[in-house]
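Here is the file entry-v7.txt (compact mmCIF, C-alpha atoms).
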# COMPACT_ATOMS: atom_id res chain seq x y z
CA MET A 278 10.05 2.79 -22.61
CA SER A 279 10.02 5.95 -24.73
CA THR A 280 9.93 9.45 -23.24
CA LEU A 281 8.53 12.58 -24.84
CA ASN A 282 10.41 15.58 -23.53
CA VAL A 283 8.19 18.56 -24.31
CA ALA A 284 7.46 21.82 -22.53
CA ASN A 285 3.85 22.22 -23.66
CA VAL A 286 0.88 20.09 -24.72
CA THR A 287 -1.68 21.45 -27.19
CA ASP A 288 -4.89 20.30 -28.87
CA GLY A 289 -4.34 22.82 -31.67
CA THR A 290 -6.20 25.60 -29.94
CA THR A 291 -5.29 25.57 -26.27
CA SER A 292 -1.77 25.00 -25.00
CA VAL A 293 -0.74 24.14 -21.44
CA PRO A 294 2.68 23.47 -19.91
CA THR A 295 3.31 19.76 -19.32
CA GLY A 296 3.80 20.66 -15.66
CA TYR A 297 0.03 21.14 -15.43
CA VAL A 298 -0.48 17.57 -16.57
CA VAL A 299 2.17 16.10 -14.28
CA ASN A 300 1.18 18.12 -11.21
CA GLY A 301 -2.52 17.62 -11.87
CA SER A 302 -2.34 13.83 -12.05
CA CYS A 303 -3.60 11.68 -9.19
CA LYS A 304 -0.47 10.06 -7.73
CA VAL A 305 -2.14 7.29 -5.69
CA TRP A 306 -5.64 5.83 -5.67
CA ASN A 307 -7.41 2.70 -4.55
CA ASN A 308 -10.81 1.19 -3.87
CA ILE A 309 -11.02 -1.17 -0.90
CA LYS A 310 -13.62 -3.65 0.31
CA GLN A 311 -13.42 -3.61 4.12
CA THR A 312 -16.21 -6.08 4.90
CA GLY A 313 -15.51 -9.80 5.07
CA THR A 314 -11.87 -10.42 4.18
CA GLN A 315 -10.46 -7.00 3.26
CA ALA A 316 -9.41 -6.73 -0.39
CA ILE A 317 -8.17 -4.17 -2.90
CA GLN A 318 -10.67 -3.94 -5.76
CA ASP A 319 -8.52 -1.68 -7.96
CA SER A 320 -5.67 0.73 -7.45
CA PHE A 321 -2.66 2.58 -8.77
CA ASN A 322 0.71 3.10 -7.08
CA VAL A 323 -0.27 0.91 -4.12
CA SER A 324 1.84 -1.99 -2.86
CA SER A 325 -0.44 -3.22 -0.08
CA ILE A 326 -3.12 -2.43 2.44
CA ALA A 327 -3.11 -3.37 6.10
CA ASP A 328 -6.38 -4.25 7.81
CA THR A 329 -5.57 -3.03 11.33
CA ALA A 330 -8.99 -3.07 13.06
CA VAL A 331 -12.70 -2.60 12.42
CA GLY A 332 -13.06 0.39 10.09
CA PHE A 333 -9.30 0.97 9.87
CA THR A 334 -7.16 0.42 6.77
CA THR A 335 -3.65 1.62 5.99
CA THR A 336 -2.56 2.00 2.36
CA THR A 337 1.13 1.82 1.47
CA PHE A 338 2.45 3.40 -1.72
CA THR A 339 4.89 1.84 -4.18
CA SER A 340 6.40 5.18 -5.22
CA ALA A 341 6.65 7.49 -2.21
CA MET A 342 5.38 11.05 -1.95
CA ASN A 343 7.88 13.88 -1.51
CA ASN A 344 6.41 15.04 1.81
CA ASN A 345 3.48 14.20 4.07
CA VAL A 346 1.41 17.33 3.39
CA TYR A 347 -0.14 15.98 0.21
CA SER A 348 -3.85 16.33 -0.47
CA ILE A 349 -6.20 13.39 0.15
CA THR A 350 -9.76 12.89 -0.98
CA ALA A 351 -11.60 9.90 0.44
CA CYS A 352 -15.08 8.45 0.36
CA CYS A 353 -16.96 5.23 0.97
CA GLU A 354 -20.46 3.78 1.07
CA TYR A 355 -23.39 5.87 2.26
CA ASN A 356 -24.28 6.59 5.88
CA SER A 357 -20.66 6.92 6.90
CA MET A 358 -18.11 9.43 8.03
CA GLN A 359 -14.48 9.11 7.14
CA GLY A 360 -11.31 10.37 8.75
CA LEU A 361 -7.60 10.41 8.19
CA ASN A 362 -5.67 8.35 10.72
CA THR A 363 -2.83 10.84 11.07
CA ALA A 364 -0.83 8.54 13.33
CA LEU A 365 -0.33 6.24 10.36
CA SER A 366 0.18 8.80 7.61
CA SER A 367 3.58 9.55 6.09
CA THR A 368 5.28 9.86 2.70
CA THR A 369 4.72 6.13 2.17
CA THR A 370 1.45 5.34 3.92
CA VAL A 371 -1.95 6.81 4.67
CA GLY A 372 -4.43 5.53 7.23
CA ILE A 373 -8.18 5.81 6.75
CA VAL A 374 -10.90 5.12 9.30
CA ASN A 375 -14.64 4.74 8.67
CA LEU A 376 -17.37 5.49 11.19
CA ASN A 377 -21.13 4.98 11.00
CA SER A 378 -23.69 7.68 11.67
CA ALA A 379 -23.64 6.83 15.38
CA GLY A 380 -19.91 7.55 15.51
CA SER A 381 -18.78 3.93 15.91
CA TYR A 382 -15.98 2.44 13.85
CA GLU A 383 -17.42 0.29 11.09
CA ASP A 384 -16.20 -1.57 7.99
CA ARG A 385 -17.42 -0.15 4.69
CA ASP A 386 -17.09 -1.24 1.08
CA ASP A 387 -15.89 0.99 -1.74
CA THR A 388 -13.60 2.80 0.66
CA SER A 389 -11.57 4.94 -1.73
CA ILE A 390 -8.73 7.42 -1.59
CA GLN A 391 -7.14 9.71 -4.16
CA ILE A 392 -3.90 11.55 -3.43
CA MET A 393 -2.60 14.64 -5.18
CA GLY A 394 0.84 16.05 -4.51
CA ASP A 395 4.48 15.75 -5.45
CA LEU A 396 6.23 12.42 -5.83
CA ALA A 397 9.65 11.80 -4.31
CA MET B 454 18.90 3.53 -21.79
CA THR B 455 17.08 5.27 -18.95
CA HIS B 456 14.54 3.32 -16.94
CA GLY B 457 12.71 6.51 -15.94
CA HIS B 458 10.71 7.10 -12.77
CA LEU B 459 9.09 4.23 -10.88
CA TRP B 460 5.66 5.92 -11.14
CA ASP B 461 5.92 5.90 -14.94
CA ARG B 462 6.83 2.21 -14.94
CA LEU B 463 3.84 1.48 -12.70
CA ALA B 464 1.54 3.27 -15.15
CA GLU B 465 2.94 1.27 -18.04
CA ALA B 466 2.67 -1.98 -16.06
CA LYS B 467 -0.96 -1.33 -15.10
CA ALA B 468 -1.81 -0.78 -18.76
CA LYS B 469 -0.15 -4.02 -19.84
CA LEU B 470 -0.48 -6.54 -17.00
CA ASP B 471 -3.54 -8.29 -15.59
CA PRO B 472 -3.81 -7.95 -11.80
CA VAL B 473 -2.79 -11.00 -9.76
CA GLN B 474 -4.63 -11.76 -6.51
CA SER B 475 -2.09 -13.26 -4.13
CA LYS B 476 -2.91 -16.49 -2.38
CA TYR B 477 -1.11 -15.22 0.73
CA ARG B 478 -1.77 -12.75 3.52
CA VAL B 479 0.67 -11.64 6.23
CA LEU B 480 -0.55 -11.50 9.83
CA PHE B 481 1.48 -9.34 12.16
CA GLU B 482 1.31 -7.76 15.58
CA ASN B 483 2.94 -4.51 16.62
CA PRO B 484 5.32 -5.26 19.53
CA THR B 485 5.05 -1.67 20.74
CA GLU B 486 1.25 -1.98 21.05
CA PRO B 487 0.64 -5.35 22.71
CA ASP B 488 -3.05 -4.64 23.27
CA ALA B 489 -3.74 -3.81 19.61
CA PRO B 490 -5.38 -6.49 17.42
CA ALA B 491 -3.36 -8.35 14.81
CA SER B 492 -3.08 -6.63 11.43
CA VAL B 493 -3.53 -8.33 8.07
CA LEU B 494 -1.34 -7.24 5.16
CA VAL B 495 -3.05 -7.61 1.77
CA PRO B 496 -0.77 -7.46 -1.30
CA ASP B 497 -2.03 -5.18 -4.04
CA PRO B 498 -3.00 -7.17 -7.18
CA ASN B 499 -1.40 -4.65 -9.58
CA TRP B 500 1.77 -4.55 -7.48
CA MET B 501 1.89 -8.36 -7.43
CA ALA B 502 1.53 -8.46 -11.23
CA ALA B 503 4.47 -6.05 -11.54
CA ALA B 504 6.57 -8.10 -9.11
CA LEU B 505 5.94 -11.33 -11.00
CA ALA B 506 6.61 -9.72 -14.39
CA GLY B 507 9.86 -8.02 -13.39
CA ASP B 508 11.57 -4.84 -14.61
CA VAL B 509 9.19 -2.55 -12.72
CA LEU B 510 10.02 -2.51 -9.00
CA PRO B 511 13.29 -1.19 -7.54
CA PRO B 512 15.62 -3.27 -5.31
CA ILE B 513 14.25 -3.63 -1.78
CA ASP B 514 17.50 -2.22 -0.39
CA THR B 515 16.66 1.18 -1.89
CA TYR B 516 13.42 1.36 0.10
CA LEU B 517 15.25 0.44 3.31
CA ARG B 518 17.90 3.12 2.74
CA ASP B 519 15.21 5.68 1.90
CA GLN B 520 13.62 5.17 5.32
CA ASN B 521 16.51 7.23 6.69
CA VAL B 522 16.14 10.05 4.15
CA PRO B 523 14.27 13.10 5.51
CA ASP B 524 11.03 14.21 3.84
CA GLY B 525 11.61 16.55 0.91
CA GLN B 526 15.08 15.16 0.18
CA PRO B 527 15.77 13.09 -2.98
CA LYS B 528 14.92 9.41 -2.58
CA GLU B 529 16.79 6.55 -4.21
CA HIS B 530 13.99 4.07 -4.95
CA PRO B 531 12.08 6.02 -7.67
CA TYR B 532 15.10 6.15 -9.97
CA ALA B 533 16.84 2.85 -9.12
CA GLU B 534 17.30 0.25 -11.83
CA PRO B 535 14.40 -2.21 -11.59
CA VAL B 536 14.84 -5.79 -10.48
CA GLY B 537 13.86 -8.87 -12.46
CA ALA B 538 10.88 -11.17 -12.06
CA MET B 539 10.17 -12.69 -8.65
CA THR B 540 8.24 -15.73 -7.53
CA GLU B 541 5.13 -15.02 -5.48
CA GLU B 542 6.95 -16.15 -2.34
CA GLU B 543 9.88 -13.81 -3.07
CA ALA B 544 7.40 -11.00 -3.68
CA ILE B 545 5.78 -11.56 -0.28
CA GLU B 546 9.20 -11.46 1.40
CA TYR B 547 9.96 -8.21 -0.46
CA LEU B 548 6.61 -6.76 0.60
CA ILE B 549 7.16 -7.66 4.26
CA LYS B 550 10.46 -5.78 4.25
CA LYS B 551 8.93 -2.83 2.41
CA ASP B 552 5.56 -2.41 4.12
CA ILE B 553 5.94 -3.83 7.63
CA SER B 554 8.01 -2.11 10.28
CA PRO B 555 11.50 -3.60 10.90
CA GLN B 556 10.41 -3.73 14.56
CA VAL B 557 8.25 -6.68 13.50
CA TRP B 558 10.34 -8.62 10.97
CA ARG B 559 13.92 -7.77 12.01
CA ASP B 560 14.26 -6.37 15.52
CA TYR B 561 11.77 -8.28 17.66
CA GLN B 562 13.52 -10.39 20.31
CA GLY B 563 10.54 -11.75 22.25
CA ASN B 564 9.14 -15.27 22.39
CA ARG B 565 5.73 -14.59 20.85
CA THR B 566 5.20 -15.29 17.18
CA ILE B 567 4.27 -11.83 15.92
CA MET B 568 4.27 -12.47 12.17
CA LYS B 569 2.95 -15.31 10.01
CA ILE B 570 2.43 -15.76 6.27
CA VAL B 571 -0.82 -17.64 5.77
CA PRO B 572 -3.05 -18.72 2.88
CA VAL B 573 -5.88 -16.27 2.38
CA GLU B 574 -8.42 -18.99 3.23
CA LEU B 575 -7.23 -18.94 6.85
CA ILE B 576 -8.18 -15.30 7.36
CA PRO B 577 -11.60 -15.21 9.04
CA SER B 578 -14.28 -13.47 7.00
CA ASP B 579 -16.50 -13.04 10.06
CA ARG B 580 -15.41 -9.72 11.55
CA SER B 581 -17.62 -9.84 14.65
CA PHE B 582 -14.60 -10.08 16.94
CA ARG B 583 -12.15 -8.33 14.63
CA ASN B 584 -10.70 -6.11 17.34
CA ALA B 585 -9.78 -9.16 19.41
CA TRP B 586 -7.75 -10.97 16.74
CA LYS B 587 -4.36 -12.28 17.83
CA ILE B 588 -1.95 -14.69 16.15
CA ASN B 589 -2.38 -18.18 17.58
CA GLN B 590 0.83 -19.36 19.17
CA THR B 591 0.49 -23.10 18.63
CA GLU B 592 2.12 -25.00 15.79
CA THR B 593 -1.12 -26.48 14.53
CA GLU B 594 -3.25 -23.36 14.65
CA ILE B 595 -2.05 -20.76 12.21
CA ALA B 596 -5.16 -18.72 11.63
CA ALA B 597 -5.74 -15.34 13.23

This structure in structure tokens:
Amino acid sequence: MSTLNVANVTDGTTSVPTGYVVNGSCKVWNNIKQTGTQAIQDSFNVSSIADTAVGFTTTTFTSAMNNNVYSITACCEYNSMQGLNTALSSTTTVGIVNLNSAGSYEDRDDTSIQIMGDLA
Amino acid sequence: MTHGHLWDRLAEAKAKLDPVQSKYRVLFENPTEPDAPASVLVPDPNWMAAALAGDVLPPIDTYLRDQNVPDGQPKEHPYAEPVGAMTEEEAIEYLIKKDISPQVWRDYQGNRTIMKIVPVELIPSDRSFRNAWKINQTETEIAA
């Protein structure tokens, strides 16, 4: 594997420090199907998911985050609310739970997360 | 020659390797929460492709040592020299050690079977009673 060691990246007009690119990259993402037999539809920097109950999925990272105050964006199919299961979130895992509009836990497809932050 | 950061190797692997859907799932129960339903571990297809190809993932021992490193301190696994290719069965064993608590796979002393590796076909697709799933304890019944 080759490595470019440069301080800035430019398109000929605008120049930005490479730190912007590194820090601005999504460090972990996945798209999960919760209905039926849970499955990962696509991902990056994920080693596994754990189906722990109806509506609940825990994602485990291959390359850990530096701390557990990273930023998470999550979404899923319509007519749902989504929450972070903080009891299962750490530098290596994040737990997501889906609820329907009545407030009951429910499995949803296209359950997705994106994580920004610093890698360990 | 440097092997760089694990995250960089994962990016390179995702660009080069086709994802591999594992034929296995790992059922496990948390011994500290006996009333909780059984969990199902699903290997990531891109991770499995990297494990089978080799030269991407770090030694499992580095992950286990890093569990004792406080947040914010340098971790060993991102910069460790990658291991070679694994079989799918070796990859599942690696994943159990990495992603399931040692309370389940190493420390449990009870009589219940709290972890089983099963073919994916044995995982029920009907989730009507999902929150009541437990691992069957008989030799002939291995489904959740």

Which residues come within 9 Å of stretch 511-521 of chain B, counting only C-alpha atoms, excluding same-chain residues fewer than 4 positions away, as a ChimeraX atom specification? /B:459,527-536,547-548,550-551

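Counting only C-alpha atoms, the residue from B:Leu480, B:Ala503, B:Val509, B:Val522 that sits nearest to B:Lys587 is B:Leu480.
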
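When all atoms listed in the file are used to compute distances to B:Asn589, the closest of the residues B:Met568, B:Tyr561, B:Val573, B:Ala464 turns out to be B:Met568.
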
I need every residue sitting at most 7 Å from the point (-1.8, -0.2, 8.5) (coordinates as in the file, all atoms listed in the file considered), written as an MDAnalysis selection string. chainID A and resid 326:329 334:336 365 372

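You will find atom CA of A:Val371 at 16.3 Å from atom CA of A:Val331.
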
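Using all atoms listed in the file, the residues found no farther than 12 Å from B:Asp579, other than those of its own chain fewer than 6 positions away, are Gln311, Thr312, Gly313, Thr314, Gln315, Val331 and Asp384 of chain A; Trp586 and Ala597 of chain B.
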